[in-house]
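K.L.:
entry-v5.cif (mmCIF, C-alpha atoms) pasted underneath:
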data_entry
#
loop_
_atom_site.label_atom_id
_atom_site.label_comp_id
_atom_site.auth_asym_id
_atom_site.auth_seq_id
_atom_site.Cartn_x
_atom_site.Cartn_y
_atom_site.Cartn_z
CA MET A 14 14.06 -10.95 -17.48
CA LEU A 15 17.53 -12.44 -17.20
CA ILE A 16 18.98 -9.51 -19.15
CA LEU A 17 17.31 -7.12 -16.70
CA VAL A 18 18.67 -9.11 -13.75
CA VAL A 19 22.21 -9.02 -15.18
CA MET A 20 21.91 -5.29 -15.85
CA THR A 21 20.61 -4.62 -12.32
CA ILE A 22 23.51 -6.55 -10.78
CA GLN A 23 25.93 -4.70 -13.03
CA ILE A 24 24.62 -1.28 -11.95
CA LYS A 25 24.76 -2.23 -8.28
CA CYS A 26 28.33 -3.55 -8.56
CA PHE A 27 29.36 -0.35 -10.35
CA GLN A 28 27.79 1.76 -7.62
CA GLU A 29 29.57 -0.17 -4.86
CA ILE A 30 33.02 0.27 -6.43
CA ILE A 31 32.46 3.94 -7.29
CA ASP A 32 31.28 4.63 -3.73
CA ILE A 33 34.48 3.08 -2.37
CA GLY A 34 36.56 5.46 -4.47
CA TYR A 35 34.35 8.33 -3.42
CA ARG A 36 34.94 7.58 0.27
CA VAL A 37 38.57 6.47 0.19
CA TYR A 38 39.83 9.41 -1.86
CA HIS A 39 37.57 11.90 -0.06
CA SER A 40 36.19 13.02 -3.41
CA TYR A 41 33.36 15.04 -1.90
CA GLU A 42 34.61 18.32 -3.32
CA LEU A 43 35.39 17.05 -6.81
CA PRO A 44 33.11 18.77 -9.32
CA TRP A 45 30.97 16.44 -11.43
CA PHE A 46 32.73 13.24 -10.26
CA ARG A 47 29.63 11.15 -9.56
CA THR A 48 27.69 12.70 -12.43
CA LEU A 49 30.42 11.87 -14.92
CA SER A 50 30.88 8.35 -13.52
CA TRP A 51 27.22 7.55 -14.11
CA TYR A 52 27.28 9.31 -17.48
CA PHE A 53 30.15 7.07 -18.64
CA LEU A 54 28.22 4.03 -17.39
CA ILE A 55 25.26 5.05 -19.56
CA CYS A 56 27.53 5.59 -22.56
CA VAL A 57 29.21 2.20 -22.27
CA ASN A 58 25.89 0.42 -21.76
CA TYR A 59 24.45 2.23 -24.76
CA PHE A 60 27.35 0.97 -26.85
CA PHE A 61 27.18 -2.66 -25.71
CA TYR A 62 23.39 -3.02 -25.76
CA GLY A 63 23.26 -1.28 -29.12
CA GLU A 64 25.69 -3.88 -30.45
CA THR A 65 23.46 -6.61 -29.03
CA LEU A 66 20.39 -5.04 -30.67
CA ALA A 67 22.11 -4.97 -34.06
CA GLU A 68 23.38 -8.54 -33.73
CA TYR A 69 20.35 -10.38 -32.36
CA PHE A 70 17.34 -8.23 -33.31
CA GLY A 71 17.93 -7.73 -37.03
CA ALA A 72 14.33 -8.56 -37.95
CA LEU A 73 12.98 -6.00 -35.48
CA VAL A 74 15.40 -3.36 -36.71
CA GLN A 75 14.18 -3.87 -40.27
CA ARG A 76 10.62 -2.91 -39.28
CA GLU A 77 11.51 0.31 -37.43
CA ASP A 78 12.99 3.25 -39.35
CA SER A 79 14.22 4.93 -36.16
CA LEU A 80 16.08 1.78 -35.11
CA GLN A 81 17.65 1.47 -38.57
CA PHE A 82 19.12 4.95 -38.15
CA LEU A 83 20.41 4.19 -34.64
CA VAL A 84 21.97 0.87 -35.73
CA ARG A 85 23.50 2.35 -38.88
CA TYR A 86 25.27 5.12 -36.95
CA HIS A 87 25.51 3.33 -33.61
CA ARG A 88 29.28 3.44 -33.16
CA PHE A 89 29.50 7.06 -34.25
CA ILE A 90 26.76 8.03 -31.78
CA SER A 91 28.46 6.02 -29.02
CA PHE A 92 31.80 7.70 -29.67
CA THR A 93 30.15 11.13 -29.74
CA LEU A 94 28.50 10.50 -26.38
CA TYR A 95 31.79 9.35 -24.86
CA LEU A 96 33.60 12.33 -26.35
CA ALA A 97 31.09 14.67 -24.73
CA GLY A 98 31.84 13.08 -21.34
CA PHE A 99 35.57 13.34 -21.97
CA CYS A 100 35.26 17.05 -22.75
CA MET A 101 33.11 17.60 -19.65
CA PHE A 102 35.80 15.96 -17.55
CA VAL A 103 38.52 18.20 -18.98
CA LEU A 104 36.38 21.28 -18.40
CA SER A 105 35.75 20.21 -14.79
CA LEU A 106 39.45 20.08 -13.88
CA VAL A 107 40.31 22.25 -10.89
CA LYS A 108 43.90 23.31 -10.22
CA LYS A 109 44.11 22.10 -6.63
CA HIS A 110 42.52 18.72 -7.46
CA TYR A 111 44.28 17.74 -10.73
CA ARG A 112 45.89 14.54 -9.46
CA LEU A 113 42.83 13.39 -7.54
CA GLN A 114 40.54 14.02 -10.49
CA PHE A 115 42.73 11.90 -12.77
CA TYR A 116 42.81 9.19 -10.10
CA MET A 117 39.03 9.10 -10.13
CA PHE A 118 38.85 9.25 -13.93
CA ALA A 119 41.03 6.13 -14.08
CA TRP A 120 39.04 4.55 -11.22
CA THR A 121 35.80 4.97 -13.21
CA HIS A 122 37.24 3.50 -16.40
CA VAL A 123 38.79 0.48 -14.69
CA THR A 124 35.44 -0.14 -12.98
CA LEU A 125 33.69 0.03 -16.36
CA LEU A 126 36.19 -2.48 -17.74
CA ILE A 127 35.78 -4.92 -14.86
CA VAL A 128 32.02 -4.67 -14.38
CA VAL A 129 30.26 -3.49 -17.54
CA THR A 130 32.38 -5.26 -20.15
CA GLN A 131 32.20 -8.59 -18.37
CA SER A 132 28.46 -8.17 -17.72
CA HIS A 133 28.03 -7.82 -21.46
CA LEU A 134 29.83 -11.14 -21.91
CA VAL A 135 27.34 -12.77 -19.52
CA ILE A 136 24.53 -11.67 -21.85
CA GLN A 137 26.48 -12.90 -24.89
CA ASN A 138 26.77 -16.31 -23.23
CA LEU A 139 23.02 -16.28 -22.56
CA PHE A 140 22.26 -15.88 -26.26
CA GLU A 141 24.43 -18.91 -27.05
CA GLY A 142 22.00 -21.04 -25.04
CA MET A 143 20.73 -21.09 -21.48
CA ILE A 144 23.09 -23.94 -20.66
CA TRP A 145 26.10 -21.65 -21.22
CA PHE A 146 24.57 -19.23 -18.73
CA ILE A 147 23.35 -21.63 -16.05
CA VAL A 148 26.24 -24.11 -15.87
CA PRO A 149 29.10 -21.58 -15.40
CA ILE A 150 27.17 -19.70 -12.71
CA SER A 151 26.18 -22.93 -10.95
CA ILE A 152 29.66 -24.45 -10.87
CA VAL A 153 31.13 -21.29 -9.33
CA ILE A 154 28.49 -21.50 -6.60
CA CYS A 155 29.17 -25.23 -6.23
CA ASN A 156 32.90 -24.57 -5.91
CA ASP A 157 32.30 -22.03 -3.13
CA ILE A 158 30.13 -24.52 -1.23
CA MET A 159 32.44 -27.50 -1.72
CA ALA A 160 35.57 -25.53 -0.82
CA TYR A 161 33.85 -24.27 2.33
CA LEU A 162 32.71 -27.77 3.40
CA PHE A 163 36.07 -29.44 2.77
CA GLY A 164 37.88 -26.54 4.42
CA PHE A 165 35.56 -26.59 7.41
CA PHE A 166 35.92 -30.33 8.08
CA PHE A 167 39.46 -31.06 6.85
CA GLY A 168 41.20 -27.67 6.52
CA ARG A 169 44.60 -27.45 8.15
CA THR A 170 47.03 -25.87 5.67
CA PRO A 171 46.64 -22.13 4.81
CA LEU A 172 46.35 -21.48 1.09
CA ILE A 173 47.07 -17.76 0.59
CA LYS A 174 47.72 -14.83 2.92
CA LEU A 175 45.13 -12.63 1.20
CA SER A 176 42.41 -14.99 2.47
CA PRO A 177 43.62 -16.53 5.76
CA LYS A 178 40.53 -18.77 6.07
CA LYS A 179 41.17 -20.51 2.73
CA THR A 180 43.02 -23.83 2.97
CA TRP A 181 44.67 -26.24 0.56
CA GLU A 182 42.29 -28.97 1.68
CA GLY A 183 39.30 -26.81 0.81
CA PHE A 184 40.87 -25.77 -2.50
CA ILE A 185 41.57 -29.36 -3.59
CA GLY A 186 38.29 -30.73 -2.25
CA GLY A 187 36.42 -27.94 -4.01
CA PHE A 188 38.12 -28.90 -7.27
CA PHE A 189 36.95 -32.51 -7.23
CA GLY A 190 33.51 -31.59 -5.89
CA THR A 191 33.05 -29.02 -8.67
CA LEU A 192 34.05 -31.55 -11.35
CA VAL A 193 31.33 -33.91 -10.17
CA CYS A 194 28.75 -31.14 -9.79
CA GLY A 195 29.44 -29.71 -13.27
CA PHE A 196 29.45 -33.15 -14.90
CA ILE A 197 26.06 -34.10 -13.44
CA LEU A 198 24.47 -30.70 -14.14
CA ALA A 199 25.71 -30.80 -17.75
CA TYR A 200 24.11 -34.24 -18.18
CA LEU A 201 20.78 -33.06 -16.79
CA LEU A 202 20.52 -29.84 -18.83
CA ALA A 203 21.85 -31.26 -22.11
CA GLN A 204 18.72 -33.40 -22.42
CA PHE A 205 16.40 -30.41 -22.85
CA GLN A 206 16.12 -28.40 -26.05
CA TYR A 207 15.11 -25.30 -24.09
CA PHE A 208 18.52 -25.13 -22.42
CA VAL A 209 20.79 -26.08 -25.34
CA CYS A 210 19.34 -24.06 -28.23
CA PRO A 211 20.62 -20.53 -28.88
CA VAL A 212 18.20 -17.83 -27.80
CA GLU A 213 16.85 -16.03 -30.87
CA TYR A 214 14.28 -13.31 -31.45
CA ASN A 215 11.20 -14.39 -33.41
CA SER A 216 9.86 -11.41 -35.34
CA GLU A 217 6.50 -13.08 -36.00
CA THR A 218 5.65 -13.66 -32.33
CA ASN A 219 7.76 -10.79 -30.94
CA ARG A 220 9.24 -13.22 -28.43
CA PHE A 221 12.51 -14.98 -27.73
CA THR A 222 12.60 -18.62 -28.75
CA ALA A 223 14.90 -21.54 -28.06
CA ASP A 224 13.87 -23.95 -30.79
CA CYS A 225 16.45 -25.76 -32.90
CA GLU A 226 18.02 -29.04 -33.88
CA PRO A 227 20.56 -29.56 -31.07
CA SER A 228 24.16 -29.38 -32.20
CA ASP A 229 26.47 -32.39 -31.98
CA ILE A 230 27.79 -31.47 -28.55
CA PHE A 231 24.29 -31.98 -27.13
CA VAL A 232 23.71 -35.38 -28.78
CA MET A 233 24.55 -38.53 -26.81
CA GLN A 234 27.63 -40.30 -28.19
CA LYS A 235 29.54 -43.46 -27.40
CA TYR A 236 33.19 -43.13 -26.32
CA THR A 237 35.71 -45.95 -26.07
CA PHE A 238 38.09 -46.00 -23.11
CA PRO A 239 41.85 -46.49 -23.65
CA PHE A 240 43.00 -50.06 -22.98
CA ALA A 241 44.71 -49.06 -19.72
CA VAL A 242 41.47 -47.59 -18.41
CA GLN A 243 39.48 -50.59 -19.63
CA ASN A 244 41.64 -52.91 -17.53
CA ILE A 245 41.02 -50.81 -14.42
CA LEU A 246 37.30 -50.12 -14.83
CA THR A 247 36.36 -53.28 -16.79
CA TRP A 248 34.28 -50.98 -19.05
CA LYS A 249 35.02 -50.59 -22.74
CA THR A 250 32.64 -47.80 -23.66
CA VAL A 251 30.59 -45.07 -22.06
CA ASN A 252 27.71 -42.93 -23.36
CA LEU A 253 28.14 -39.20 -22.78
CA TYR A 254 27.03 -35.88 -24.10
CA PRO A 255 30.11 -34.14 -25.54
CA TYR A 256 29.04 -31.10 -23.53
CA GLN A 257 29.86 -33.07 -20.38
CA ILE A 258 33.49 -33.13 -21.51
CA HIS A 259 33.36 -29.37 -22.03
CA SER A 260 31.86 -29.07 -18.54
CA VAL A 261 35.04 -30.64 -17.15
CA VAL A 262 37.05 -27.78 -18.68
CA LEU A 263 34.64 -25.19 -17.30
CA SER A 264 34.68 -26.83 -13.86
CA THR A 265 38.48 -26.98 -13.86
CA PHE A 266 38.68 -23.26 -14.58
CA ALA A 267 35.99 -22.44 -12.01
CA SER A 268 37.79 -24.37 -9.26
CA LEU A 269 41.47 -23.63 -10.04
CA ILE A 270 41.45 -20.15 -11.62
CA GLY A 271 38.05 -18.78 -10.61
CA PRO A 272 38.99 -18.38 -6.92
CA PHE A 273 41.69 -15.92 -7.98
CA GLY A 274 38.84 -13.51 -8.76
CA GLY A 275 37.98 -13.74 -5.07
CA PHE A 276 41.63 -13.36 -4.06
CA PHE A 277 41.83 -10.26 -6.27
CA ALA A 278 38.77 -8.81 -4.55
CA SER A 279 40.26 -9.65 -1.13
CA GLY A 280 43.47 -7.85 -2.04
CA PHE A 281 41.46 -4.87 -3.26
CA LYS A 282 39.53 -4.64 0.02
CA ARG A 283 42.69 -5.02 2.08
CA ALA A 284 44.37 -2.27 0.08
CA PHE A 285 41.61 0.16 1.07
CA GLN A 286 41.10 -1.30 4.54
CA ILE A 287 37.47 -2.26 4.10
CA LYS A 288 35.76 -5.51 5.04
CA ASP A 289 33.14 -5.66 2.28
CA PHE A 290 32.27 -3.76 -0.86
CA ALA A 291 28.96 -2.73 0.72
CA ASP A 292 26.30 -3.93 3.16
CA THR A 293 23.61 -4.69 0.59
CA ILE A 294 23.21 -8.31 1.76
CA PRO A 295 23.18 -8.52 5.58
CA GLY A 296 26.01 -10.75 6.75
CA HIS A 297 27.39 -11.25 3.24
CA GLY A 298 28.58 -7.81 2.19
CA GLY A 299 27.74 -6.26 -1.16
CA ILE A 300 26.66 -7.64 -4.51
CA MET A 301 30.25 -7.39 -5.75
CA ASP A 302 31.37 -9.65 -2.89
CA ARG A 303 29.11 -12.38 -4.34
CA PHE A 304 30.06 -11.87 -8.00
CA ASP A 305 33.83 -11.41 -7.88
CA CYS A 306 34.41 -14.91 -9.32
CA GLN A 307 31.36 -14.92 -11.57
CA TYR A 308 32.66 -12.14 -13.82
CA LEU A 309 35.96 -13.95 -14.40
CA MET A 310 34.08 -17.18 -15.12
CA ALA A 311 31.79 -15.43 -17.61
CA THR A 312 34.77 -14.02 -19.49
CA PHE A 313 36.41 -17.46 -19.74
CA THR A 314 33.13 -19.03 -20.90
CA HIS A 315 32.77 -16.41 -23.63
CA VAL A 316 36.35 -16.93 -24.83
CA TYR A 317 35.92 -20.72 -24.68
CA ILE A 318 32.74 -20.60 -26.78
CA ALA A 319 34.33 -18.31 -29.36
CA SER A 320 37.49 -20.44 -29.57
CA PHE A 321 36.19 -24.01 -29.45
CA ILE A 322 32.39 -24.12 -29.80
CA ARG A 323 30.81 -21.46 -31.95
CA GLY A 324 30.49 -22.10 -35.68
CA PRO A 325 28.79 -20.17 -38.48
CA ASN A 326 25.26 -19.15 -37.48
CA PRO A 327 22.87 -19.16 -40.50
CA SER A 328 20.24 -17.03 -38.72
CA LYS A 329 22.76 -14.27 -37.97
CA VAL A 330 24.01 -14.35 -41.57
CA LEU A 331 20.41 -14.04 -42.78
CA GLN A 332 19.77 -11.09 -40.47
CA GLN A 333 22.84 -9.34 -41.85
CA LEU A 334 21.69 -10.00 -45.41
CA LEU A 335 18.26 -8.52 -44.69
CA VAL A 336 19.87 -5.21 -43.73
CA LEU A 337 21.52 -4.86 -47.16
CA GLN A 338 20.05 -2.97 -50.10
CA PRO A 339 17.99 -5.04 -52.60
CA GLU A 340 20.71 -4.76 -55.26
CA GLN A 341 23.29 -6.12 -52.83
CA GLN A 342 20.99 -8.96 -51.79
CA LEU A 343 20.42 -9.89 -55.44
CA SER A 344 24.16 -9.85 -56.13
CA ILE A 345 24.81 -12.20 -53.21
CA PHE A 346 21.94 -14.45 -54.33
CA ASN A 347 23.41 -14.77 -57.83
CA ALA A 348 26.89 -15.45 -56.48
CA MET A 349 25.57 -18.15 -54.11
CA ARG A 350 23.49 -19.75 -56.90
CA ASP A 351 26.51 -19.92 -59.21
CA ARG A 352 28.66 -21.31 -56.42
CA LEU A 353 26.14 -24.04 -55.57
CA ARG A 354 25.80 -24.98 -59.25
CA ASP A 355 29.58 -25.28 -59.57
CA ARG A 356 29.60 -27.67 -56.61
CA GLY A 357 26.78 -29.75 -58.10
CA ILE A 358 24.33 -28.96 -55.28
CA LEU A 359 21.94 -27.17 -57.65
CA PRO A 360 21.12 -28.41 -61.17
CA PRO A 361 22.84 -26.51 -63.99
CA ALA A 362 20.97 -23.64 -65.59
CA ALA A 363 18.78 -24.47 -68.59
CA MET A 364 20.38 -23.53 -71.92
#
Can I see the file as structure tokens?
P.N.:
Amino acid sequence: MLILVVMTIQIKCFQEIIDIGYRVYHSYELPWFRTLSWYFLICVNYFFYGETLAEYFGALVQREDSLQFLVRYHRFISFTLYLAGFCMFVLSLVKKHYRLQFYMFAWTHVTLLIVVTQSHLVIQNLFEGMIWFIVPISIVICNDIMAYLFGFFFGRTPLIKLSPKKTWEGFIGGFFGTLVCGFILAYLLAQFQYFVCPVEYNSETNRFTADCEPSDIFVMQKYTFPFAVQNILTWKTVNLYPYQIHSVVLSTFASLIGPFGGFFASGFKRAFQIKDFADTIPGHGGIMDRFDCQYLMATFTHVYIASFIRGPNPSKVLQQLLVLQPEQQLSIFNAMRDRLRDRGILPPAAM
């Protein structure tokens, strides 16, 4: 359901940005512009979701011959589909519209980069565990609320010309409020296996499961304060989930860098003299107006997980092994057995 929600939001955001280009550049007479834009969206989604299928649904792929073919030649099929769209674009070029058509070709591809690629990263975060999906989204929302409240009650100093209503007081207050919000939310969610375990597909039940032995970052640990801090707080130790420390990093990004996604969107709208991306949500603009910071946050979360959190995943390795031919599987088995015997983990072979 969450994947469907993310995909629905992605499609709506794509539509809003494409419609702006359609109106601003008066692209009504361009042949195939909208058709090709949506065709490229389908191609890119086919590529990304096909990669997800191959990575997380290995057991299902093994049971279906048609899926095995699609996974085996997935990238070639994806490239062929894109190439067909590229050729259709070249064939649609009209002499009096050359420059405008290339404008819109670039417009479509930048939109795909901003919306579709980052939406895919949201889904990647989801598979790492619900906590990596819920916490980043929640702290961005918390930052918006806290910045608004502090700005409303204490705001005096303008922050940036792109957003005249934003103030330094709201920006700083939002930072500290988001740290507290993220820290508490991380503590609450880290206690539940459902939120911390990676989401995996169970081929026996044909359902997604979140059942595992929680990793070290979701196990309560005792930390000792530096002596200087001990003298101030009169505490020597504190019990925390390591994920709470990671939540501080996520909250810092969400409150200090995340708003620049909103500033970017504000600059974009000012450039084309529009108030909102659309009127999908009465009084709040379009879907893209609500998710301008979320996409940037999702990208940072994905990079953060890949750089500092993710380790080898035995289930993914097993899924990759199951795709191999029996001879290759046997060769790997023999190599692993010899390796484990050399390390003394397995008993030596009988003479």
K.L.:
Per residue of region 101-158 of chain A within 12 Å of region 76-97 of chain A, record the nearest atom pair and its distance in Å to one decimal, counting all atoms listed in the file, with rows in chain order and ascending residue number, as a tab-separated table.
P.N.:
residue	atom	partner	partner_atom	distance
A:Met101	CA	A:Ala97	CA	6.2
A:Phe102	CA	A:Ala97	CA	8.7
A:Val103	CA	A:Ala97	CA	10.0
A:Leu104	CA	A:Ala97	CA	10.6
A:His122	CA	A:Tyr95	CA	11.6
K.L.:
Let me make sure I understand: among A:Leu246, A:Cys225, A:Ile22, A:Leu126, which one has the smallest atom-to-atom distance to Asp302 (chain A) if we use all atoms listed in the file?
P.N.:
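Using all atoms listed in the file, Asp302 (chain A) sits closest to A:Ile22.
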K.L.:
Identify which of the residues A:Arg356, A:Lys288, A:Arg303, A:His259 lies closest to Leu192 (chain A), counting only C-alpha atoms when measuring atom-to-atom distances.
P.N.:
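Answer, going by the shortest atom-to-atom distance: A:His259.
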K.L.:
Carefully work through the PyMOL selection byres ((chain A and resi 209) around 8) for this structure and note down the residues it includes, as an MDAnalysis selection string.
P.N.:
chainID A and resid 142:144 202:203 205:208 210:211 223 227 231
K.L.:
Hey, can you check how far CA of Gly164 (chain A) sits from CA of Phe188 (chain A)?
P.N.:
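Distance between the two atoms: 11.9 Å.
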K.L.:
I'd like the interatomic distance between CA of Gly298 (chain A) and CA of Tyr161 (chain A), to a tenth of an Å.
P.N.:
17.3 Å
